[in-house]
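File shown: coords12.txt (compact mmCIF, C-alpha atoms).
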```txt
# COMPACT_ATOMS: atom_id res chain seq x y z
CA MET A 1 62.36 3.55 -14.29
CA GLY A 2 63.80 4.11 -17.68
CA SER A 3 62.13 3.04 -20.82
CA VAL A 4 63.37 1.59 -24.00
CA GLY A 5 60.22 2.71 -25.72
CA PRO A 6 57.34 0.70 -26.94
CA VAL A 7 57.96 -2.17 -29.23
CA ALA A 8 55.08 -3.66 -31.10
CA LEU A 9 55.50 -7.36 -31.45
CA ASP A 10 54.54 -9.56 -34.28
CA ALA A 11 54.38 -12.41 -31.86
CA PRO A 12 52.86 -15.67 -32.98
CA PRO A 13 49.40 -16.35 -31.57
CA VAL A 14 49.41 -18.08 -28.25
CA ASP A 15 48.34 -21.70 -28.38
CA PRO A 16 45.63 -22.28 -25.76
CA ASP A 17 46.63 -25.93 -25.48
CA ASP A 18 50.16 -24.92 -24.53
CA ASP A 19 48.68 -22.50 -22.04
CA ALA A 20 46.58 -25.27 -20.51
CA ARG A 21 49.63 -27.48 -20.03
CA LEU A 22 51.66 -24.67 -18.53
CA VAL A 23 48.80 -23.65 -16.25
CA ALA A 24 48.41 -27.23 -15.02
CA ARG A 25 52.10 -27.37 -14.13
CA ALA A 26 52.02 -23.92 -12.54
CA GLN A 27 49.04 -24.95 -10.45
CA GLY A 28 51.26 -27.69 -9.11
CA GLY A 29 53.74 -25.05 -7.96
CA ASP A 30 56.06 -25.03 -10.98
CA MET A 31 57.37 -21.47 -11.07
CA ARG A 32 59.24 -22.06 -14.31
CA SER A 33 55.99 -22.84 -16.13
CA PHE A 34 54.39 -19.76 -14.68
CA ASP A 35 57.36 -17.70 -15.79
CA THR A 36 56.81 -19.01 -19.31
CA LEU A 37 53.16 -17.98 -19.10
CA VAL A 38 54.23 -14.50 -18.03
CA THR A 39 56.58 -14.26 -21.00
CA ARG A 40 53.85 -15.42 -23.40
CA HIS A 41 51.21 -12.98 -22.17
CA ARG A 42 53.05 -9.99 -20.79
CA GLY A 43 53.07 -8.12 -24.10
CA ARG A 44 49.30 -8.17 -24.55
CA ILE A 45 48.53 -7.47 -20.90
CA PHE A 46 51.00 -4.60 -20.78
CA ALA A 47 49.65 -3.15 -24.05
CA MET A 48 46.06 -3.41 -22.86
CA ILE A 49 46.83 -1.63 -19.60
CA ARG A 50 48.99 1.03 -21.20
CA ASN A 51 46.33 1.74 -23.81
CA MET A 52 43.84 2.15 -20.99
CA ILE A 53 45.79 4.43 -18.66
CA HIS A 54 48.35 6.00 -21.02
CA GLN A 55 51.09 5.88 -18.41
CA GLU A 56 54.09 3.78 -19.19
CA ALA A 57 55.56 3.38 -15.71
CA ASP A 58 52.24 2.71 -13.99
CA ALA A 59 51.29 0.26 -16.71
CA TRP A 60 54.57 -1.56 -16.11
CA ASP A 61 53.77 -1.93 -12.41
CA LEU A 62 50.12 -2.81 -12.94
CA ALA A 63 50.94 -5.48 -15.51
CA GLN A 64 53.17 -7.13 -12.94
CA GLU A 65 50.40 -6.89 -10.39
CA VAL A 66 48.14 -8.75 -12.82
CA PHE A 67 50.50 -11.71 -12.96
CA ILE A 68 51.08 -11.72 -9.21
CA LYS A 69 47.33 -11.81 -8.63
CA ALA A 70 47.03 -14.50 -11.29
CA TRP A 71 49.53 -16.66 -9.41
CA GLN A 72 47.69 -16.14 -6.15
CA ALA A 73 44.36 -17.10 -7.73
CA LEU A 74 45.73 -19.82 -9.97
CA SER A 75 44.14 -22.60 -7.94
CA ASN A 76 40.73 -21.04 -8.68
CA TYR A 77 41.30 -20.89 -12.43
CA GLU A 78 39.19 -23.30 -14.40
CA SER A 79 39.89 -24.02 -18.01
CA LYS A 80 36.35 -23.10 -19.04
CA ALA A 81 37.75 -19.76 -20.17
CA ARG A 82 40.98 -19.19 -22.05
CA PHE A 83 43.87 -18.30 -19.79
CA SER A 84 44.36 -15.06 -21.71
CA THR A 85 40.72 -14.09 -21.13
CA TRP A 86 41.16 -14.77 -17.44
CA LEU A 87 44.23 -12.52 -17.42
CA TYR A 88 42.31 -9.74 -19.16
CA ARG A 89 39.68 -10.06 -16.45
CA ILE A 90 42.31 -9.60 -13.74
CA ALA A 91 43.80 -6.69 -15.69
CA HIS A 92 40.34 -5.11 -15.87
CA ASN A 93 40.03 -5.27 -12.06
CA VAL A 94 43.56 -4.03 -11.48
CA VAL A 95 43.09 -1.03 -13.75
CA TYR A 96 39.76 -0.05 -12.25
CA ASP A 97 41.07 -0.47 -8.70
CA TRP A 98 44.02 1.74 -9.60
CA THR A 99 41.73 4.32 -11.17
CA ARG A 100 39.45 4.42 -8.15
CA LYS A 101 42.44 4.77 -5.86
CA ARG A 102 43.90 7.60 -7.93
CA LYS A 103 40.55 9.39 -8.04
CA PHE A 104 40.22 9.00 -4.27
CA GLU A 105 43.73 10.31 -3.67
CA SER A 106 43.16 13.32 -5.88
CA ALA A 107 39.60 14.01 -4.71
CA GLY A 108 38.77 17.63 -5.21
CA GLU A 109 41.63 18.18 -7.58
CA LEU A 110 41.58 18.20 -11.32
CA ASN A 111 43.82 15.34 -12.27
CA ASP A 112 44.19 15.32 -16.01
CA GLU A 113 46.44 12.29 -15.95
CA ILE A 114 43.64 9.87 -15.20
CA PHE A 115 41.91 8.83 -18.36
CA ASP A 116 43.01 12.11 -19.89
CA GLN A 117 40.65 12.61 -22.76
CA GLN A 118 42.79 15.12 -24.56
CA ARG A 119 46.04 13.32 -24.23
CA ILE A 120 47.68 11.68 -27.18
CA ASP A 121 49.19 8.34 -26.41
CA PRO A 122 52.89 9.11 -26.28
CA ALA A 123 53.66 5.54 -27.11
CA ALA A 124 51.87 5.54 -30.44
CA ILE A 125 54.12 3.85 -32.90
CA THR A 126 55.77 6.38 -35.14
CA ALA A 127 58.54 4.32 -36.60
CA PRO A 128 57.90 3.79 -40.31
CA GLY A 129 57.65 0.30 -41.61
CA ALA A 130 60.33 -1.05 -43.86
CA GLY A 131 59.95 0.07 -47.43
CA GLU A 132 57.32 2.65 -46.57
CA ALA A 133 57.52 5.90 -48.49
CA PRO A 134 58.19 8.99 -46.31
CA ASP A 135 54.87 10.60 -47.19
CA ASP A 136 52.96 7.43 -46.46
CA ALA A 137 54.84 6.99 -43.22
CA MET A 138 53.97 10.50 -42.13
CA ALA A 139 50.33 10.09 -43.02
CA ARG A 140 50.25 6.77 -41.22
CA ALA A 141 51.85 8.21 -38.12
CA GLU A 142 49.39 11.09 -38.18
CA LEU A 143 46.48 8.71 -38.44
CA ARG A 144 47.80 6.71 -35.52
CA ALA A 145 48.11 9.81 -33.39
CA LYS A 146 44.57 10.90 -34.26
CA LEU A 147 43.15 7.47 -33.56
CA ALA A 148 44.93 7.30 -30.24
CA ALA A 149 43.74 10.77 -29.32
CA ALA A 150 40.16 9.94 -30.26
CA LEU A 151 40.32 6.72 -28.30
CA ALA A 152 41.56 8.62 -25.27
CA LYS A 153 38.44 10.81 -25.41
CA LEU A 154 36.14 7.84 -24.88
CA SER A 155 34.88 6.80 -21.49
CA PRO A 156 36.90 4.02 -19.86
CA GLU A 157 34.14 1.47 -20.56
CA HIS A 158 33.89 2.44 -24.21
CA ARG A 159 37.63 2.55 -24.63
CA GLU A 160 38.03 -0.86 -23.02
CA VAL A 161 35.42 -2.51 -25.19
CA VAL A 162 37.01 -1.11 -28.35
CA LEU A 163 40.45 -2.20 -27.25
CA LEU A 164 39.29 -5.69 -26.37
CA LYS A 165 37.30 -6.20 -29.55
CA ASP A 166 39.02 -4.22 -32.27
CA VAL A 167 42.61 -4.33 -31.00
CA GLN A 168 42.89 -7.51 -28.95
CA GLY A 169 40.36 -9.45 -31.00
CA LEU A 170 38.29 -11.00 -28.23
CA SER A 171 34.83 -12.35 -28.93
CA TYR A 172 31.69 -10.74 -27.52
CA LYS A 173 31.36 -13.54 -25.02
CA GLU A 174 34.94 -13.18 -23.84
CA ILE A 175 34.59 -9.40 -23.49
CA ALA A 176 31.45 -9.93 -21.43
CA GLU A 177 33.44 -12.22 -19.14
CA VAL A 178 36.28 -9.73 -18.83
CA MET A 179 34.04 -6.78 -18.08
CA ALA A 180 31.57 -8.79 -15.98
CA SER A 181 28.62 -7.71 -18.09
CA SER A 182 26.18 -9.22 -20.54
CA VAL A 183 26.84 -9.76 -24.22
CA GLY A 184 24.07 -7.28 -24.96
CA THR A 185 25.80 -4.60 -22.91
CA VAL A 186 29.05 -5.30 -24.72
CA MET A 187 27.38 -4.98 -28.11
CA SER A 188 25.68 -1.76 -27.09
CA ARG A 189 28.87 -0.22 -25.74
CA LEU A 190 30.80 -1.27 -28.80
CA PHE A 191 28.22 0.24 -31.14
CA TYR A 192 28.25 3.63 -29.40
CA ALA A 193 32.02 3.64 -28.91
CA ARG A 194 32.62 3.05 -32.61
CA GLN A 195 30.06 5.66 -33.51
CA LYS A 196 31.82 8.26 -31.33
CA LEU A 197 35.21 7.34 -32.68
CA GLN A 198 34.05 7.59 -36.28
CA THR A 199 32.45 10.96 -35.60
CA MET A 200 35.68 12.25 -34.12
CA LEU A 201 37.63 10.87 -37.04
CA GLN A 202 35.11 11.87 -39.67
CA ASP A 203 37.39 14.40 -41.33
CA GLU A 204 40.13 11.87 -41.47
CA TYR A 205 37.95 9.26 -43.07
CA GLN A 206 36.38 11.65 -45.53
CA ALA A 207 39.84 12.65 -46.67
CA ARG A 208 40.85 9.07 -47.33
CA MET B 1 9.61 -17.12 -45.22
CA ASN B 2 11.17 -14.47 -43.07
CA THR B 3 14.95 -14.44 -43.65
CA LYS B 4 15.69 -11.22 -41.79
CA PRO B 5 18.34 -11.98 -39.14
CA ASP B 6 17.93 -10.89 -35.57
CA GLU B 7 20.03 -7.93 -34.42
CA THR B 8 22.34 -9.93 -32.20
CA THR B 9 23.17 -12.55 -34.79
CA LEU B 10 23.67 -9.89 -37.44
CA ALA B 11 26.01 -7.87 -35.22
CA ARG B 12 28.00 -10.95 -34.39
CA TRP B 13 28.28 -11.90 -38.08
CA LEU B 14 29.38 -8.40 -39.04
CA ASP B 15 32.07 -8.59 -36.37
CA ASP B 16 33.18 -12.07 -37.41
CA ASP B 17 31.98 -13.39 -34.09
CA LEU B 18 29.97 -16.30 -35.43
CA GLU B 19 31.52 -19.74 -35.68
CA GLY B 20 30.64 -23.26 -36.70
CA ALA B 21 27.01 -24.11 -37.20
CA GLU B 22 25.84 -20.59 -36.40
CA LEU B 23 28.07 -19.11 -39.10
CA ALA B 24 27.05 -21.72 -41.64
CA ALA B 25 23.37 -21.18 -40.93
CA PHE B 26 23.66 -17.42 -41.24
CA GLU B 27 25.67 -17.46 -44.45
CA ALA B 28 23.37 -19.99 -46.03
CA SER B 29 20.66 -17.36 -45.89
CA HIS B 30 22.62 -14.15 -46.42
CA ARG B 31 25.62 -15.06 -48.47
CA ALA B 32 24.35 -13.08 -51.45
CA ASP B 33 23.25 -10.00 -49.55
CA ALA B 34 25.52 -7.31 -51.01
CA THR B 35 24.52 -4.71 -48.43
CA LEU B 36 25.44 -6.93 -45.53
CA LEU B 37 28.68 -7.97 -47.18
CA ALA B 38 29.59 -4.31 -47.70
CA ARG B 39 28.86 -3.48 -44.07
CA ARG B 40 30.98 -6.39 -42.92
CA GLN B 41 33.81 -5.29 -45.17
CA GLU B 42 33.56 -1.78 -43.77
CA LEU B 43 33.82 -3.09 -40.22
CA ARG B 44 36.79 -5.26 -41.09
CA ALA B 45 38.56 -2.22 -42.55
CA TRP B 46 37.77 -0.29 -39.41
CA ARG B 47 39.21 -2.97 -37.15
CA ALA B 48 42.28 -3.24 -39.34
CA SER B 49 42.93 0.49 -39.15
CA LEU B 50 42.52 0.49 -35.38
CA ALA B 51 44.69 -2.56 -34.95
CA ALA B 52 47.36 -0.93 -37.10
CA ALA B 53 47.28 2.25 -35.03
CA ILE B 54 46.95 0.79 -31.58
CA PRO B 55 49.47 -1.92 -30.76
CA ALA B 56 47.92 -5.05 -29.30
CA ASP B 57 51.19 -6.46 -28.07
CA ILE B 58 53.95 -4.33 -26.58
CA GLU B 59 56.95 -5.84 -24.92
CA PRO B 60 57.33 -4.06 -21.58
CA ALA B 61 60.61 -2.29 -20.90
CA TYR B 62 63.27 -4.51 -19.35
CA PRO B 63 61.29 -7.71 -19.89
CA GLU B 64 63.68 -9.94 -17.93
CA PHE B 65 63.50 -7.60 -14.96
CA PHE B 66 59.73 -7.52 -15.41
CA ASN B 67 59.59 -11.31 -14.94
CA HIS B 68 62.16 -11.23 -12.16
CA ARG B 69 60.12 -8.77 -10.13
CA ILE B 70 57.03 -10.94 -10.47
CA ALA B 71 58.91 -14.05 -9.36
CA LYS B 72 60.41 -12.15 -6.42
CA ALA B 73 57.04 -10.82 -5.32
CA ILE B 74 55.53 -14.30 -5.53
CA ARG B 75 58.35 -15.82 -3.47
CA GLU B 76 57.93 -13.14 -0.83
CA ARG B 77 54.20 -13.68 -0.59
CA ILE B 78 54.32 -17.46 -0.36
CA PRO B 79 53.92 -18.43 3.31
CA LYS B 80 56.99 -20.18 4.67
CA PRO B 81 56.40 -23.76 5.84
CA HIS B 82 56.40 -24.29 9.58
CA SER B 83 59.33 -26.47 10.78
CA ALA B 84 58.42 -29.49 12.90
CA PRO B 85 59.24 -28.97 16.60
CA SER B 86 62.40 -30.81 17.76
CA THR B 87 62.31 -33.49 20.47
CA ALA B 88 64.24 -31.27 22.88
CA ALA B 89 61.77 -28.45 22.30
CA PHE B 90 58.90 -30.87 22.92
CA TRP B 91 60.29 -32.00 26.31
CA ARG B 92 61.25 -28.46 27.19
CA ALA B 93 57.71 -27.38 26.50
CA TRP B 94 56.31 -30.05 28.86
CA TRP B 95 58.96 -30.25 31.54
CA MET B 96 59.37 -26.58 32.33
CA PRO B 97 55.80 -26.03 33.52
CA ALA B 98 55.73 -29.45 35.23
CA THR B 99 58.94 -28.68 37.12
CA ALA B 100 57.63 -25.28 38.14
CA ALA B 101 54.38 -26.80 39.41
CA ALA B 102 56.25 -29.48 41.37
CA GLY B 103 58.43 -26.79 42.93
CA MET B 104 55.38 -24.85 44.00
CA VAL B 105 53.79 -27.96 45.57
CA LEU B 106 57.00 -28.79 47.44
CA ALA B 107 57.31 -25.25 48.75
CA PHE B 108 53.71 -25.34 49.93
CA TRP B 109 54.20 -28.70 51.66
CA LEU B 110 57.32 -27.47 53.44
CA GLY B 111 55.42 -24.39 54.50
CA THR B 112 52.68 -26.48 56.07
CA LYS B 113 55.27 -28.57 57.93
CA THR B 114 57.25 -25.70 59.41
CA GLY B 115 54.86 -22.83 59.74
CA GLY B 116 53.21 -23.70 63.13
CA THR B 117 56.19 -25.20 65.02
CA PRO B 118 57.29 -23.08 68.02
CA GLN B 119 60.87 -21.97 67.89
CA VAL B 120 63.14 -22.60 70.81
CA VAL B 121 66.11 -20.41 71.42
CA THR B 122 69.02 -21.82 73.28
CA LEU B 123 72.50 -20.58 73.78
CA ALA B 124 73.52 -23.35 71.46
CA ASN B 125 71.13 -22.09 68.80
CA PRO B 126 70.94 -18.35 69.23
CA ALA B 127 70.33 -17.73 65.52
CA ALA B 128 66.90 -19.26 65.81
CA GLY B 129 65.85 -16.25 67.74
CA GLN B 130 66.33 -14.10 64.72
CA VAL B 131 63.64 -15.95 62.89
CA ALA B 132 60.11 -14.76 63.18
CA VAL B 133 58.24 -17.54 64.91
CA GLN B 134 54.79 -18.29 66.01
CA GLY B 135 53.97 -19.42 69.50
CA PRO B 136 55.91 -18.92 72.75
CA THR B 137 59.66 -18.64 72.88
CA VAL B 138 61.44 -20.51 75.65
CA TYR B 139 64.83 -19.36 76.77
CA THR B 140 67.16 -21.92 78.34
CA PRO B 141 70.26 -20.43 79.90
CA GLU B 142 72.13 -23.71 80.26
CA HIS B 143 74.01 -25.44 77.45
CA GLY B 144 72.77 -28.85 76.44
CA VAL B 145 69.24 -28.20 77.56
CA ASP B 146 66.46 -28.58 75.03
CA ALA B 147 63.11 -27.04 75.75
CA LYS B 148 59.76 -27.73 74.11
CA SER B 149 56.61 -25.78 74.71
CA PHE B 150 53.06 -27.08 74.38
CA SER B 151 50.06 -24.84 74.69
CA SER B 152 46.43 -25.80 75.08
CA SER B 153 43.79 -23.15 74.93
CA ASP B 154 41.14 -25.63 76.14
CA ALA B 155 43.13 -26.41 79.28
CA ALA B 156 44.28 -22.82 79.59
CA ALA B 157 47.77 -24.17 80.25
CA THR B 158 51.22 -24.21 78.82
CA VAL B 159 53.61 -27.07 79.47
CA ILE B 160 57.32 -26.67 79.08
CA VAL B 161 59.35 -29.84 78.75
CA LEU B 162 63.02 -29.52 79.54
CA GLU B 163 65.38 -32.22 78.36
CA GLY B 164 68.96 -32.43 79.42
CA VAL B 165 68.43 -30.79 82.78
CA ASP B 166 70.31 -32.27 85.66
CA ALA B 167 68.25 -34.08 88.25
CA ILE B 168 66.73 -31.68 90.71
CA PRO B 169 67.97 -32.40 94.25
CA ASP B 170 65.36 -33.10 96.85
CA THR B 171 66.73 -30.38 98.96
CA LEU B 172 65.71 -27.66 96.58
CA ASP B 173 63.02 -25.47 98.09
CA PHE B 174 60.54 -24.55 95.36
CA SER B 175 58.77 -22.18 97.65
CA GLU B 176 61.47 -19.66 97.00
CA SER B 177 60.86 -19.57 93.29
CA VAL B 178 57.25 -20.55 92.64
CA GLY B 179 54.20 -18.50 93.47
CA LEU B 180 50.55 -19.14 92.83
CA ARG B 181 48.38 -16.34 91.59
CA ALA B 182 44.67 -16.08 92.09
CA THR B 183 43.95 -16.83 88.46
CA GLY B 184 45.13 -20.31 88.95
CA LYS B 185 47.63 -20.13 86.19
CA ALA B 186 50.97 -21.58 87.02
CA THR B 187 53.80 -19.19 86.44
CA ALA B 188 57.46 -19.32 87.10
CA ALA B 189 59.44 -16.41 88.44
CA LEU B 190 62.88 -15.80 89.72
CA ALA B 191 61.55 -14.19 92.84
CA PRO B 192 58.20 -14.51 94.58
CA PRO B 193 55.90 -11.52 94.37
CA ASP B 194 55.66 -9.48 97.47
CA ASP B 195 52.00 -10.35 98.09
CA ALA B 196 52.41 -14.06 97.51
CA GLU B 197 51.06 -16.37 100.12
CA VAL B 198 53.61 -18.79 101.16
CA PRO B 199 52.19 -22.17 102.04
CA GLU B 200 53.18 -23.61 105.24
```
Written form, structure tokens:
Amino acid sequence: MGSVGPVALDAPPVDPDDDARLVARAQGGDMRSFDTLVTRHRGRIFAMIRNMIHQEADAWDLAQEVFIKAWQALSNYESKARFSTWLYRIAHNVVYDWTRKRKFESAGELNDEIFDQQRIDPAAITAPGAGEAPDDAMARAELRAKLAAALAKLSPEHREVVLLKDVQGLSYKEIAEVMASSVGTVMSRLFYARQKLQTMLQDEYQAR
Amino acid sequence: MNTKPDETTLARWLDDDLEGAELAAFEASHRADATLLARRQELRAWRASLAAAIPADIEPAYPEFFNHRIAKAIRERIPKPHSAPSTAAFWRAWWMPATAAAGMVLAFWLGTKTGGTPQVVTLANPAAGQVAVQGPTVYTPEHGVDAKSFSSSDAAATVIVLEGVDAIPDTLDFSESVGLRATGKATAALAPPDDAEVPE
């Protein structure tokens, strides 16, 4: 599969009420409403998965798997949680199933593609923003690359909690639902994950 | 009065996780705490730098194809509805076994009616002799003669009834063709045995 490269979106926030209406129609079998839901959420789900596994093509496939599983389980969805949180939960399971499968398939071999801790996210945005000075753009791109590299060195659980909280903006309670853990565990993981990241980026922060 | 917040509430406030009444209650007590405000500001800057570096929303490549593949996979996985059976199929389903069973019963009944009947071979019906038969076979050399054989194991006798035979003239001497054996069984022979006793 070819790639047009990552495109960060400044998409407007998704209205949960609109989601609820679309979900209700999709639960009645309306594929068009479900297609709209896919369009509304595919960017965040794809970004979350790609930031977790650092593989563009696999992330593309896995993100689709998330929505297919969501359709299959749509009758079980209750509006107690936001639809987006429910999708993150499915994405969590899909990614961990994929990881376990890959580890099983490559048992006994050193597979540095799975949660590669030294790998720099090749999709880190390097395009300068409009009006940005060349020096600033370069420094910004360098910071992005270092942040992505540091994030890749974290354990999957630590990386996921940072991505969900600091990148996706979920609440502690929502993260606990996604990761099937307690709020206390989420807070603990987030504390240590940030601490590790800041240690790895200490030079960068001291220079700023 | 102890105004020190618990760890969980403090962490949630620093991460902007408190809302509504919880947020109001916390800020009523700690709004002027410069240290806490500085820590919260530091965390906000951290989240902003991460969010700027790591995209939260990335349009997947070929987005229309992305949606199309999902829709296709869903259509393929939806079980197809079962069509209602047609009337013809309904009758076919019932009549075929019923017809087969009736055929079997009829064949059995015919078998019971024909299985034990002795076969008689005449010149008029020579083909009957080719059929495997049970019981004695009676040969009648004359056309138009029908023979039936009846056996009785209790009486130790076999009776042959001939129909269509011309009347036997009184002048016919049976002694030339009938002999009595010591066993008492009546037999018919073309010629008397040599040791036969001829009644007077």
Next on the checklist: For a quick test of understanding: name the residues of chain B lying within 7 Å of chain A when counting all atoms listed in the file, and present them as a PyMOL selection string.
Outcome noted: chain B and resi 17+47+50-51+53-61+67+70+74
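Atom pair CA of Glu22 in chain B / CA of Ser182 in chain A has a distance of 19.5 Å (rounded to one decimal).
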What box, with edges along x, y and z, holds each listed atom of range 160-177 of chain A when 6 Å is added on every side, and can you state its centre and edge lengths in Å to one decimal, as lines of an AutoDock Vina configuration file?
```
center_x = 37.1
center_y = -7.2
center_z = -25.7
size_x = 23.5
size_y = 24.7
size_z = 25.1
```
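With distances taken over all atoms listed in the file, B:Ile78 is the one residue among B:Ala21, B:Ala32, B:Ala48, B:Ile78 lying closest to Gly29 in chain A.
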Checklist entry - Separation of CA of Ser84 in chain A and CA of Gln27 in chain A, in Å? => result 15.7 Å
Item to check | Ser29 in chain B environment, 12 Å, all atoms listed in the file, sequence neighbours closer than 2 positions dropped, as a VMD selection string | outcome: chain B and resid 1 to 5 10 22 to 27 31 to 33 36
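A straight line drawn from CA of Arg40 in chain B to CA of Asp16 in chain B is 8.2 Å long.
Residue neighbourhood of Thr85 in chain A, excluding near-sequence residues (fewer than 6 positions): A:Glu174, A:Glu177, A:Val178, at 8 Å, using all atoms listed in the file.
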Item to check | Minimum-distance residue to Gly144 in chain B, chosen among B:Ala38, B:Leu18, B:Leu162, B:Ala102 (using all atoms listed in the file) | outcome: B:Leu162
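Proximity to Arg82 in chain A at 9 Å, evaluated using only C-alpha atoms and with sequence-adjacent residues fewer than 3 positions away removed, yields Pro16, Asp19, Ala20, Glu78, Ser79, Thr85, Trp86, Leu87 and Glu174 of chain A.
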